[in-house]
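Engineer: First the structure, then my questions, so here it is.
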Amino acid sequence: VDMQIVDLPGFRDFSLDGEGQALAQRIEELDLSFMQNKRNVMLVVEQAGDAATMSSLQRAREFDPEFKRTILIRNKLDKYYGDLTPENVVSWVDGHGDLPGNLVRFALTLPHWTDGDLPPKPFRDILEDVNNEDL
C-alpha cells in the first residue's frame, strides 16, 4: 500500500477583513477538493477547547456521512481540562456523548515532557514506557 499524508490547513470560519475572507475561501476550496475524493482518508484534528476547529468533523460528515474514512483526533485535552483524570479520560475522548455513535474511537498516549526541558530519558525508552501504559 502506498500512502501519502497531506497536511492541509484548517478551515477558517472566522475572519473580519476581506483578505482573511479570501484566504478562508481558498483554504475551503483546497480542503474540500481533498475531502470529496473517496480514496482519501480524513484525519480530522480538533484541539480541545478551540471552538474554531470544531467545524471540521461536521464538514467531513458532508462527504463521509457514515464516517467510514474519517478519523477524529482530539488533542490537548490535558491543556484545557483541569479535571481530566485517568478515570474520566474516556468520557472526554467520547466528547461526553456529542460524537456520532458510528465514529470509531480509540485513545493513545504519546510521550511528552515540559516545554523547554530535555527528554528525561532516550525517546525509545519513553515510547516503550508510554506504550505499556496504554490498554
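A note on labels: chains of the C-alpha cells are A, B, ... as shown, every chain counts residues from 1, and ligands are counted from 1 in their shown order.
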Could you pull out all residues of segment 30-64 of chain A with a DSSP call of alpha helix (DSSP H) and give them as a list in words?
Structural biologist: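 In segment 30-64 of chain A, DSSP puts these residues in alpha helix (DSSP H): Leu30, Asp31, Leu32, Ser33, Phe34, Met35, Ser55, Ser56, Leu57, Gln58, Arg59, Ala60, Arg61, Glu62 and Phe63 of chain A.
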Engineer: So how many Å separate atom CA of Asn40 of chain A and atom CA of Thr70 of chain A, to one decimal?
Structural biologist: 9.1 Å
Engineer: Applying 8 Å and only C-alpha atoms, which residues near segment 28-33 of chain A remain after dropping the ones on its own chain fewer than 3 positions away? List them as a list of chain:residue names.
Structural biologist: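 Neighbouring residues, sequence-local ones excluded: A:Leu8, A:Pro9, A:Gly10, A:Phe11, A:Arg12, A:Ala24, A:Gln25, A:Gln36, A:Asn37.
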Engineer: How many Å lie between atom CA of Val41 of chain A and atom CA of Arg69 of chain A, rounded to one decimal?
Structural biologist: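 Separation of atom CA of Val41 of chain A and atom CA of Arg69 of chain A: 4.8 Å.
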Engineer: In Å to one decimal, how far is atom CA of Arg74 of chain A from atom CA of Trp92 of chain A?
Structural biologist: 9.2 Å
Engineer: For each of A:Val93, A:Leu127, A:Leu16, A:Met3, take the minimum atom-to-atom distance to Glu46 of chain A, counting only C-alpha atoms, then give the residue where this is smallest.
Structural biologist: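 Looking at the shortest contact to Glu46 of chain A, the residue is A:Val93.
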Engineer: Taking only C-alpha atoms into account, name the residue in A:Gly95, A:Gln21, A:Val104, A:Gln47 that is nearest to Ile71 of chain A.
Structural biologist: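 Using only C-alpha atoms, the shortest distance to Ile71 of chain A belongs to A:Val104.
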Engineer: Need the shell around Val44 of chain A: protein/DNA/RNA residues with any atom at most 8 Å away, counting only C-alpha atoms. Skip same-chain ones fewer than 3 positions apart. Format as a PDB file with all heavy atoms, in the first residue's frame?
Structural biologist:
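This went into selection05.pdb:
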```
ATOM      1  N   SER A  56     -14.702  21.069  11.562  1.00  0.00           N
ATOM      2  CA  SER A  56     -14.075  20.130  10.626  1.00  0.00           C
ATOM      3  C   SER A  56     -14.784  18.783  10.587  1.00  0.00           C
ATOM      4  O   SER A  56     -14.949  18.199   9.520  1.00  0.00           O
ATOM      5  CB  SER A  56     -12.604  19.937  10.979  1.00  0.00           C
ATOM      6  OG  SER A  56     -11.922  21.159  10.847  1.00  0.00           O
ATOM      7  N   LEU A  57     -15.183  18.268  11.751  1.00  0.00           N
ATOM      8  CA  LEU A  57     -15.877  16.982  11.771  1.00  0.00           C
ATOM      9  C   LEU A  57     -17.216  17.082  11.039  1.00  0.00           C
ATOM     10  O   LEU A  57     -17.593  16.173  10.301  1.00  0.00           O
ATOM     11  CB  LEU A  57     -16.086  16.490  13.209  1.00  0.00           C
ATOM     12  CG  LEU A  57     -16.717  15.111  13.332  1.00  0.00           C
ATOM     13  CD1 LEU A  57     -15.843  14.039  12.684  1.00  0.00           C
ATOM     14  CD2 LEU A  57     -16.969  14.776  14.795  1.00  0.00           C
ATOM     15  N   ALA A  60     -16.486  16.986   7.405  1.00  0.00           N
ATOM     16  CA  ALA A  60     -16.132  15.621   6.992  1.00  0.00           C
ATOM     17  C   ALA A  60     -17.398  14.789   6.819  1.00  0.00           C
ATOM     18  O   ALA A  60     -17.502  13.981   5.889  1.00  0.00           O
ATOM     19  CB  ALA A  60     -15.201  14.979   8.016  1.00  0.00           C
ATOM     20  N   THR A  70     -13.151   8.537   7.988  1.00  0.00           N
ATOM     21  CA  THR A  70     -12.862   9.690   8.848  1.00  0.00           C
ATOM     22  C   THR A  70     -12.295   9.211  10.167  1.00  0.00           C
ATOM     23  O   THR A  70     -12.855   8.311  10.796  1.00  0.00           O
ATOM     24  CB  THR A  70     -14.151  10.503   9.120  1.00  0.00           C
ATOM     25  OG1 THR A  70     -14.691  10.946   7.878  1.00  0.00           O
ATOM     26  CG2 THR A  70     -13.864  11.700  10.008  1.00  0.00           C
ATOM     27  N   ILE A  71     -11.203   9.819  10.571  1.00  0.00           N
ATOM     28  CA  ILE A  71     -10.607   9.554  11.886  1.00  0.00           C
ATOM     29  C   ILE A  71     -10.540  10.888  12.615  1.00  0.00           C
ATOM     30  O   ILE A  71      -9.940  11.848  12.111  1.00  0.00           O
ATOM     31  CB  ILE A  71      -9.196   8.945  11.744  1.00  0.00           C
ATOM     32  CG1 ILE A  71      -9.272   7.601  11.012  1.00  0.00           C
ATOM     33  CG2 ILE A  71      -8.536   8.796  13.112  1.00  0.00           C
ATOM     34  CD1 ILE A  71      -7.923   7.036  10.630  1.00  0.00           C
ATOM     35  N   LEU A  72     -11.160  10.951  13.773  1.00  0.00           N
ATOM     36  CA  LEU A  72     -11.139  12.161  14.585  1.00  0.00           C
ATOM     37  C   LEU A  72      -9.986  12.080  15.577  1.00  0.00           C
ATOM     38  O   LEU A  72      -9.831  11.082  16.276  1.00  0.00           O
ATOM     39  CB  LEU A  72     -12.460  12.324  15.351  1.00  0.00           C
ATOM     40  CG  LEU A  72     -12.508  13.472  16.364  1.00  0.00           C
ATOM     41  CD1 LEU A  72     -12.353  14.822  15.673  1.00  0.00           C
ATOM     42  CD2 LEU A  72     -13.798  13.414  17.157  1.00  0.00           C
ATOM     43  N   ILE A  73      -9.185  13.121  15.606  1.00  0.00           N
ATOM     44  CA  ILE A  73      -8.089  13.209  16.566  1.00  0.00           C
ATOM     45  C   ILE A  73      -8.387  14.400  17.464  1.00  0.00           C
ATOM     46  O   ILE A  73      -8.421  15.540  16.995  1.00  0.00           O
ATOM     47  CB  ILE A  73      -6.734  13.405  15.846  1.00  0.00           C
ATOM     48  CG1 ILE A  73      -6.466  12.225  14.912  1.00  0.00           C
ATOM     49  CG2 ILE A  73      -5.621  13.612  16.866  1.00  0.00           C
ATOM     50  CD1 ILE A  73      -5.313  12.439  13.967  1.00  0.00           C
TER      51      ILE A  73
END
```
